[in-house]
file my_file.tsv (TSV, C-alpha atoms)
chain	number	residue	atom	x	y	z
U	1	MET	CA	-30.04	-16.30	-33.61
U	2	THR	CA	-32.07	-15.15	-30.64
U	3	GLY	CA	-29.39	-16.48	-28.31
U	4	ARG	CA	-26.72	-14.41	-30.07
U	5	LYS	CA	-28.79	-11.23	-29.77
U	6	THR	CA	-29.35	-11.90	-26.08
U	7	GLU	CA	-25.64	-12.44	-25.58
U	8	ARG	CA	-24.79	-9.22	-27.42
U	9	ARG	CA	-27.26	-7.25	-25.32
U	10	TYR	CA	-25.80	-8.77	-22.19
U	11	GLN	CA	-22.27	-7.86	-23.31
U	12	MET	CA	-23.33	-4.29	-24.12
U	13	MET	CA	-25.06	-3.91	-20.77
U	14	LEU	CA	-22.01	-5.31	-19.00
U	15	THR	CA	-19.74	-2.92	-20.92
U	16	VAL	CA	-21.89	0.08	-19.95
U	17	VAL	CA	-21.90	-0.95	-16.29
U	18	MET	CA	-18.11	-1.44	-16.25
U	19	ALA	CA	-17.61	1.90	-18.00
U	20	MET	CA	-19.74	3.63	-15.35
U	21	ILE	CA	-17.73	1.97	-12.57
U	22	ALA	CA	-14.50	3.07	-14.27
U	23	LEU	CA	-15.78	6.66	-14.47
U	24	ILE	CA	-16.71	6.59	-10.78
U	25	MET	CA	-13.10	5.58	-10.05
U	26	VAL	CA	-11.45	8.04	-12.44
U	27	ILE	CA	-13.55	11.18	-11.85
U	28	PRO	CA	-12.30	11.88	-8.27
U	29	LEU	CA	-8.70	11.39	-9.42
U	30	ALA	CA	-9.22	13.77	-12.35
U	31	LEU	CA	-10.74	16.35	-10.01
U	32	LEU	CA	-7.78	15.95	-7.66
U	33	VAL	CA	-5.28	16.55	-10.47
U	34	MET	CA	-7.16	19.59	-11.79
U	35	ALA	CA	-7.47	21.08	-8.31
U	36	SER	CA	-3.73	20.73	-7.78
U	37	ILE	CA	-2.98	22.84	-10.89
U	38	THR	CA	-5.59	25.51	-10.15
U	39	SER	CA	-4.75	28.78	-8.46
U	40	ASN	CA	-5.60	28.86	-4.78
U	41	GLN	CA	-7.66	32.06	-5.20
U	42	GLU	CA	-9.76	30.45	-7.94
U	43	ILE	CA	-10.68	27.52	-5.66
U	44	VAL	CA	-11.48	29.84	-2.74
U	45	LEU	CA	-13.74	32.03	-4.87
U	46	HIS	CA	-15.40	29.52	-7.20
U	47	GLY	CA	-14.77	26.10	-5.69
U	48	TYR	CA	-13.43	22.99	-7.39
U	49	SER	CA	-13.87	22.46	-11.11
U	50	PHE	CA	-12.86	19.91	-13.74
U	51	TRP	CA	-11.60	22.76	-15.89
U	52	PRO	CA	-9.86	25.41	-13.81
U	53	GLY	CA	-10.48	29.02	-14.61
U	54	GLU	CA	-6.88	29.93	-13.79
U	55	PHE	CA	-4.02	27.46	-14.10
U	56	SER	CA	-1.27	27.64	-11.52
U	57	LEU	CA	1.64	25.48	-10.37
U	58	GLU	CA	2.27	27.41	-7.17
U	59	ALA	CA	1.32	24.38	-5.04
U	60	TYR	CA	4.00	22.27	-6.72
U	61	ARG	CA	6.48	25.14	-6.43
U	62	TYR	CA	5.81	25.24	-2.69
U	63	ILE	CA	6.47	21.51	-2.43
U	64	TRP	CA	9.54	21.79	-4.68
U	65	ASN	CA	11.09	24.25	-2.24
U	66	GLU	CA	11.47	21.23	0.04
U	67	LYS	CA	12.87	19.01	-2.73
U	68	GLY	CA	15.83	17.88	-0.62
U	69	GLN	CA	13.56	16.46	2.05
U	70	ILE	CA	11.12	15.13	-0.57
U	71	PHE	CA	13.78	13.09	-2.41
U	72	ARG	CA	15.24	11.77	0.84
U	73	ALA	CA	11.76	10.80	2.09
U	74	TYR	CA	11.04	9.05	-1.22
U	75	GLY	CA	14.27	7.09	-0.85
U	76	ILE	CA	13.39	6.05	2.71
U	77	THR	CA	9.89	5.01	1.65
U	78	PHE	CA	11.11	3.00	-1.36
U	79	LEU	CA	13.69	1.22	0.81
U	80	VAL	CA	11.18	0.42	3.55
U	81	THR	CA	8.52	-0.70	1.05
U	82	ILE	CA	10.88	-3.02	-0.86
U	83	LEU	CA	12.41	-4.61	2.24
U	84	GLY	CA	9.15	-4.84	4.14
U	85	THR	CA	7.21	-6.26	1.20
U	86	GLY	CA	9.83	-8.90	0.49
U	87	MET	CA	10.17	-10.07	4.07
U	88	GLY	CA	6.46	-9.81	4.84
U	89	THR	CA	5.43	-11.77	1.73
U	90	ALA	CA	8.01	-14.49	2.43
U	91	ALA	CA	6.92	-14.85	6.07
U	92	THR	CA	3.24	-14.89	5.10
U	93	LEU	CA	3.70	-17.59	2.46
U	94	LEU	CA	5.81	-19.74	4.79
U	95	TYR	CA	3.17	-19.53	7.52
U	96	GLY	CA	0.39	-20.27	5.04
U	97	TYR	CA	2.32	-23.23	3.61
U	98	VAL	CA	2.79	-24.71	7.08
U	99	LEU	CA	-0.93	-24.43	7.85
U	100	ALA	CA	-1.88	-25.89	4.47
U	101	HIS	CA	0.50	-28.85	4.84
U	102	ALA	CA	-0.39	-32.28	6.16
U	103	PRO	CA	-1.00	-32.56	9.95
U	104	PHE	CA	2.10	-32.28	12.14
U	105	PRO	CA	2.78	-31.66	15.86
U	106	GLY	CA	2.09	-28.03	16.78
U	107	LYS	CA	-0.11	-27.20	13.79
U	108	THR	CA	-3.17	-26.70	16.01
U	109	PHE	CA	-1.27	-24.25	18.21
U	110	LEU	CA	-0.04	-22.25	15.19
U	111	ALA	CA	-3.58	-22.06	13.80
U	112	PHE	CA	-4.95	-20.94	17.19
U	113	TYR	CA	-2.14	-18.37	17.56
U	114	LEU	CA	-3.04	-16.92	14.15
U	115	PHE	CA	-6.73	-16.76	15.01
U	116	PHE	CA	-5.99	-15.23	18.43
U	117	THR	CA	-4.20	-12.25	16.84
U	118	MET	CA	-7.38	-11.45	14.90
U	119	LEU	CA	-9.26	-10.92	18.17
U	120	PHE	CA	-6.71	-9.44	20.58
U	121	ASN	CA	-3.55	-7.34	20.51
U	122	GLY	CA	-1.14	-6.01	23.08
U	123	GLY	CA	-2.25	-2.38	22.76
U	124	LEU	CA	-0.35	0.71	21.69
U	125	VAL	CA	1.42	1.55	24.96
U	126	PRO	CA	2.94	-1.92	25.60
U	127	THR	CA	3.92	-2.13	21.93
U	128	TYR	CA	5.64	1.25	22.07
U	129	ILE	CA	7.50	0.33	25.25
U	130	MET	CA	8.65	-2.98	23.78
U	131	TYR	CA	10.01	-1.48	20.54
U	132	THR	CA	11.64	1.58	22.11
U	133	ARG	CA	12.85	0.42	25.53
U	134	TYR	CA	13.73	-3.23	24.93
U	135	LEU	CA	14.35	-3.49	21.18
U	136	HIS	CA	15.85	0.04	20.91
U	137	MET	CA	14.28	0.76	17.51
U	138	LYS	CA	13.44	4.42	17.97
U	139	ASN	CA	14.84	6.57	15.14
U	140	THR	CA	15.98	3.58	13.07
U	141	ILE	CA	14.95	2.14	9.71
U	142	GLY	CA	13.84	-0.97	11.56
U	143	ALA	CA	11.16	1.08	13.32
U	144	LEU	CA	9.51	1.64	9.92
U	145	ILE	CA	9.71	-2.05	8.95
U	146	ILE	CA	9.50	-4.40	11.94
U	147	PRO	CA	6.24	-3.23	13.63
U	148	ALA	CA	4.34	-3.72	10.37
U	149	LEU	CA	6.23	-6.91	9.48
U	150	LEU	CA	4.21	-9.01	11.91
U	151	MET	CA	2.06	-10.98	9.50
U	152	ASN	CA	-1.50	-10.01	8.84
U	153	ALA	CA	-3.75	-12.95	9.70
U	154	PHE	CA	-5.99	-12.24	6.71
U	155	ASN	CA	-3.05	-12.54	4.29
U	156	VAL	CA	-1.93	-15.79	5.91
U	157	ILE	CA	-5.43	-17.22	5.51
U	158	LEU	CA	-5.41	-16.16	1.85
U	159	ALA	CA	-2.10	-17.95	1.30
U	160	ARG	CA	-3.22	-21.08	3.12
U	161	THR	CA	-6.52	-21.25	1.24
U	162	TYR	CA	-4.83	-20.74	-2.13
U	163	ILE	CA	-2.25	-23.47	-1.48
U	164	GLN	CA	-4.90	-25.91	-0.28
U	165	SER	CA	-7.22	-25.21	-3.21
U	166	ASN	CA	-4.81	-24.87	-6.14
U	167	ILE	CA	-1.76	-27.01	-5.41
U	168	PRO	CA	-2.45	-30.76	-5.37
U	169	ALA	CA	-0.97	-32.64	-2.44
U	170	ALA	CA	0.27	-35.22	-4.95
U	171	LEU	CA	2.95	-32.80	-6.11
U	172	SER	CA	4.45	-32.50	-2.63
U	173	GLU	CA	4.17	-36.23	-2.06
U	174	ALA	CA	5.97	-36.97	-5.33
U	175	ALA	CA	8.76	-34.57	-4.39
U	176	GLN	CA	9.09	-36.20	-0.97
U	177	ILE	CA	9.39	-39.62	-2.60
U	178	ASP	CA	12.22	-38.22	-4.73
U	179	GLY	CA	13.98	-37.14	-1.52
U	180	ALA	CA	13.26	-33.40	-1.59
U	181	SER	CA	13.30	-31.53	1.71
U	182	GLU	CA	10.44	-29.29	2.86
U	183	PHE	CA	12.36	-26.13	1.93
U	184	ARG	CA	13.09	-27.51	-1.53
U	185	ILE	CA	9.45	-28.49	-2.01
U	186	PHE	CA	8.38	-25.01	-0.95
U	187	GLY	CA	10.92	-23.24	-3.17
U	188	GLN	CA	10.76	-25.38	-6.32
U	189	VAL	CA	7.25	-26.83	-6.28
U	190	VAL	CA	4.96	-24.54	-4.31
U	191	LEU	CA	6.32	-21.06	-5.07
U	192	PRO	CA	6.22	-21.36	-8.91
U	193	LEU	CA	2.51	-22.19	-8.61
U	194	CYS	CA	1.80	-19.35	-6.18
U	195	LYS	CA	2.46	-16.38	-8.46
U	196	PRO	CA	-1.12	-15.03	-8.33
U	197	ILE	CA	-1.26	-15.09	-4.53
U	198	ILE	CA	2.29	-13.73	-4.29
U	199	ALA	CA	1.28	-10.77	-6.46
U	200	THR	CA	-1.90	-10.24	-4.43
U	201	ILE	CA	-0.28	-10.44	-1.00
U	202	GLY	CA	2.72	-8.43	-2.17
U	203	LEU	CA	0.41	-5.70	-3.43
U	204	PHE	CA	-1.49	-5.57	-0.13
U	205	ILE	CA	1.70	-5.45	1.96
U	206	GLY	CA	3.43	-2.99	-0.37
U	207	LEU	CA	0.52	-0.55	-0.29
U	208	GLY	CA	0.44	-0.88	3.48
U	209	TYR	CA	4.10	0.08	3.78
U	210	TRP	CA	3.85	2.88	1.22
U	211	ASN	CA	0.84	4.50	2.92
U	212	ASP	CA	2.05	3.91	6.48
U	213	TRP	CA	2.76	6.99	8.54
U	214	THR	CA	1.80	5.78	12.03
U	215	ASN	CA	5.08	3.93	12.64
U	216	GLY	CA	6.98	7.09	11.78
U	217	LEU	CA	4.70	9.09	14.05
U	218	TYR	CA	5.32	6.73	16.98
U	219	TYR	CA	8.96	5.77	16.58
U	220	VAL	CA	10.72	8.40	14.42
U	221	THR	CA	11.56	11.94	15.46
U	222	ASP	CA	14.67	12.37	13.28
U	223	ALA	CA	13.65	14.31	10.16
U	224	LYS	CA	16.31	12.44	8.14
U	225	LEU	CA	14.30	9.23	8.57
U	226	PHE	CA	10.89	10.63	7.69
U	227	SER	CA	8.93	8.63	5.13
U	228	ILE	CA	7.16	10.46	2.32
U	229	GLN	CA	3.77	10.06	4.02
U	230	GLN	CA	5.07	11.39	7.33
U	231	LEU	CA	6.82	14.31	5.63
U	232	LEU	CA	3.70	15.26	3.64
U	233	ASN	CA	1.57	14.95	6.76
U	234	ASN	CA	3.92	17.34	8.58
U	235	MET	CA	3.71	19.79	5.68
U	236	ILE	CA	-0.09	19.81	5.95
U	237	LYS	CA	0.14	20.39	9.71
U	238	ASN	CA	2.55	23.29	9.16
U	239	ILE	CA	0.19	24.90	6.65
U	240	GLU	CA	-2.76	24.52	9.03
U	241	PHE	CA	-0.71	26.01	11.85
U	242	LEU	CA	0.24	29.06	9.78
U	243	SER	CA	-3.33	29.58	8.61
U	244	LYS	CA	-4.75	29.37	12.16
U	245	ASN	CA	-2.13	31.54	13.81
U	246	ALA	CA	-1.87	34.31	11.24
U	247	ASN	CA	-3.22	37.42	12.99
U	248	SER	CA	-5.45	40.04	11.43
U	249	ASN	CA	-2.52	42.28	10.47
U	250	ILE	CA	-0.56	39.55	8.66
U	251	ASN	CA	-1.96	37.60	5.77
U	252	LEU	CA	-0.50	34.36	4.46
U	253	SER	CA	0.66	35.99	1.24
U	254	SER	CA	3.41	37.69	3.25
U	255	ILE	CA	4.71	34.43	4.73
U	256	GLY	CA	7.20	32.62	2.53
U	257	GLY	CA	5.86	34.21	-0.63
U	258	GLY	CA	2.34	32.90	0.00
U	259	ILE	CA	1.05	29.44	0.83
U	260	PRO	CA	-1.63	27.95	-1.44
U	261	GLN	CA	-3.56	26.33	1.38
U	262	GLU	CA	-6.20	24.52	-0.67
U	263	THR	CA	-4.25	23.50	-3.74
U	264	VAL	CA	-1.18	22.34	-1.85
U	265	ARG	CA	-3.25	19.66	-0.14
U	266	MET	CA	-4.21	18.30	-3.54
U	267	ALA	CA	-0.64	18.50	-4.79
U	268	ILE	CA	0.57	16.63	-1.70
U	269	ALA	CA	-1.96	13.87	-2.41
U	270	ILE	CA	-0.67	13.61	-5.98
U	271	VAL	CA	2.95	13.44	-4.81
U	272	GLY	CA	2.11	10.59	-2.46
U	273	LEU	CA	-0.10	8.77	-4.99
U	274	LEU	CA	1.90	9.10	-8.21
U	275	PRO	CA	4.48	6.31	-7.62
U	276	VAL	CA	1.68	3.85	-6.77
U	277	LEU	CA	-0.18	4.75	-9.97
U	278	MET	CA	3.01	4.20	-11.96
U	279	VAL	CA	3.77	0.80	-10.41
U	280	PHE	CA	0.26	-0.66	-10.31
U	281	PRO	CA	-0.08	-1.40	-14.07
U	282	PHE	CA	3.08	-3.52	-13.91
U	283	VAL	CA	1.80	-5.38	-10.85
U	284	GLN	CA	-1.55	-5.97	-12.54
U	285	LYS	CA	0.16	-7.33	-15.65
U	286	TYR	CA	2.27	-9.65	-13.54
U	287	PHE	CA	-0.84	-10.72	-11.63
U	288	ILE	CA	-2.67	-11.70	-14.83
U	289	LYS	CA	0.41	-13.52	-16.12
U	290	GLY	CA	0.74	-15.31	-12.81
U	291	ILE	CA	-2.80	-16.60	-13.06
U	292	ALA	CA	-2.08	-18.12	-16.48
U	293	VAL	CA	1.30	-19.58	-15.51
U	294	GLY	CA	0.36	-20.70	-12.03
U	295	ALA	CA	-2.95	-22.37	-12.83
U	296	VAL	CA	-3.06	-26.06	-12.01
U	297	LYS	CA	-4.33	-27.91	-15.02
U	298	GLY	CA	-5.82	-31.33	-14.57
call {"tool": "encode", "arguments": {"input": "my_file.tsv", "output": "structure tokens"}}
result
Amino acid sequence: MTGRKTERRYQMMLTVVMAMIALIMVIPLALLVMASITSNQEIVLHGYSFWPGEFSLEAYRYIWNEKGQIFRAYGITFLVTILGTGMGTAATLLYGYVLAHAPFPGKTFLAFYLFFTMLFNGGLVPTYIMYTRYLHMKNTIGALIIPALLMNAFNVILARTYIQSNIPAALSEAAQIDGASEFRIFGQVVLPLCKPIIATIGLFIGLGYWNDWTNGLYYVTDAKLFSIQQLLNNMIKNIEFLSKNANSNINLSSIGGGIPQETVRMAIAIVGLLPVLMVFPFVQKYFIKGIAVGAVKG
């Protein structure tokens, strides 16, 4: 009986701690949403509040005025994220599978090459010259995909460790005895058991592509190829420019019907964050399902 009471107290304490952690995560997001639907004057006069004194959608109206560019930028970002995540996850898993496999000629070099990239890189200027002068990727969709496609060493190590720890070598050996090739073993034996790590790596890579704006900054000058992050970043810069260069005789309310400087920043953050919040529950569900399906039972 005493053991049950102790367990209940432990569960209650754990529930309270997890609830507090959840609140810490949710409160900033709630404040962000409320600030985006508050009038700019209210924030300037009274600061941020969880319950705005004056509701206003002028920040979203300002963004909606650029709806043509917004929708096009969303399309570019979705395309880049889908293609980049698919190719990056496939390349990462293939590399991790090779390193997790039995010893073969060249494995030591591949492992050293992976480790070397964690310590050194070519630098921004040589990278820019290579992609623009020799690979001719400036102002192309490839410029938003290829520079970030080079596999992250951390993700490769995750894939290698997962394959080594959760997929028995006996499965691959049995498939080899049956005459299966390495590609068939990888596709029909290894991949079905890698759903948790596929979901994890895919989430990391997908978020990286969705939030990336540096590739667009370096390699894209054509506004038709702007990603959503690059477009929103330019909008913030334009607002800051107008606010800094408005002289004493001209206030911002006379420029373009008024620019809600404070609230539009919050609205821009919501516009960039909303698709991720909508997709994440589905990824999390798939991740949990993958753990149950992909677990190796022995």
call {"tool": "residues_around", "arguments": {"input": "my_file.tsv", "residues": "range 97-106 of chain U", "least_positions_apart": "4", "cutoff": "7 Å", "atoms": "all atoms listed in the file", "output": "ChimeraX atom specification"}}
result
/U:93,110-111,160,163-164
call {"tool": "write_last_selection", "arguments": {"input": "my_file.tsv", "atoms": "C-alpha atoms", "output": "PDB file, in the frame of the given file"}}
result
ATOM      1  CA  LEU U  93       3.700 -17.590   2.460  1.00  0.00           C
ATOM      2  CA  LEU U 110      -0.040 -22.250  15.190  1.00  0.00           C
ATOM      3  CA  ALA U 111      -3.580 -22.060  13.800  1.00  0.00           C
ATOM      4  CA  ARG U 160      -3.220 -21.080   3.120  1.00  0.00           C
ATOM      5  CA  ILE U 163      -2.250 -23.470  -1.480  1.00  0.00           C
ATOM      6  CA  GLN U 164      -4.900 -25.910  -0.280  1.00  0.00           C
TER       7      GLN U 164
END
call {"tool": "residues_near_point", "arguments": {"input": "my_file.tsv", "point": "(-11.0, 16.0, -8.1)", "cutoff": "12 Å", "atoms": "all atoms listed in the file", "output": "PyMOL selection string"}}
result
chain U and resi 24-38+43+47-52+263+265-267+269-270
call {"tool": "atom_distance", "arguments": {"input": "my_file.tsv", "atom1": "CA of Gln261 in chain U", "atom2": "CA of Leu231 in chain U"}}
result
16.4 Å
call {"tool": "closest_residue", "arguments": {"input": "my_file.tsv", "among": "U:Ile205, U:Glu262, U:Lys237, U:Ile268", "to": "Leu45 in chain U", "atoms": "only C-alpha atoms"}}
result
U:Glu262
call {"tool": "residues_around", "arguments": {"input": "my_file.tsv", "residues": "range 78-88 of chain U", "least_positions_apart": "6", "cutoff": "12 Å", "atoms": "all atoms listed in the file", "output": "JSON, numbers by chain"}}
result
{"U": [71, 72, 94, 95, 140, 141, 142, 143, 144, 145, 146, 147, 148, 149, 150, 151, 152, 153, 155, 156, 198, 199, 200, 201, 202, 203, 204, 205, 206, 207, 208, 209, 210, 211, 212, 213, 215, 216, 225, 226, 227, 228, 229, 272, 275, 276, 279]}
call {"tool": "atom_distance", "arguments": {"input": "my_file.tsv", "atom1": "CA of Val190 in chain U", "atom2": "CA of Gln176 in chain U"}}
result
12.8 Å
call {"tool": "atom_distance", "arguments": {"input": "my_file.tsv", "atom1": "CA of Thr221 in chain U", "atom2": "CA of Asn234 in chain U"}}
result
11.6 Å
call {"tool": "residues_around", "arguments": {"input": "my_file.tsv", "residues": "range 171-173 of chain U", "least_positions_apart": "4", "cutoff": "10 Å", "atoms": "only C-alpha atoms", "output": "JSON list (two decimals) with C-alpha atoms, in the frame of the given file"}}
result
[["chain", "number", "residue", "atom", "x", "y", "z"],
["U", 101, "HIS", "CA", 0.50, -28.85, 4.84],
["U", 167, "ILE", "CA", -1.76, -27.01, -5.41],
["U", 177, "ILE", "CA", 9.39, -39.62, -2.60],
["U", 178, "ASP", "CA", 12.22, -38.22, -4.73],
["U", 179, "GLY", "CA", 13.98, -37.14, -1.52],
["U", 180, "ALA", "CA", 13.26, -33.40, -1.59],
["U", 181, "SER", "CA", 13.30, -31.53, 1.71],
["U", 182, "GLU", "CA", 10.44, -29.29, 2.86],
["U", 185, "ILE", "CA", 9.45, -28.49, -2.01],
["U", 186, "PHE", "CA", 8.38, -25.01, -0.95],
["U", 189, "VAL", "CA", 7.25, -26.83, -6.28],
["U", 190, "VAL", "CA", 4.96, -24.54, -4.31]]
call {"tool": "closest_residue", "arguments": {"input": "my_file.tsv", "among": "U:Leu119, U:Val44, U:Val264, U:Ala91", "to": "Trp64 in chain U", "atoms": "all atoms listed in the file"}}
result
U:Val264
call {"tool": "closest_residue", "arguments": {"input": "my_file.tsv", "among": "U:Ala159, U:Arg61, U:Met20, U:Tyr219", "to": "Arg133 in chain U", "atoms": "only C-alpha atoms"}}
result
U:Tyr219
call {"tool": "axis_aligned_box", "arguments": {"input": "my_file.tsv", "around": "range 7-24 of chain U", "padding_each_side": "4 Å", "output": "AutoDock Vina command-line options"}}
result
--center_x -20.9 --center_y -2.9 --center_z -19.1 --size_x 20.8 --size_y 27.1 --size_z 24.6
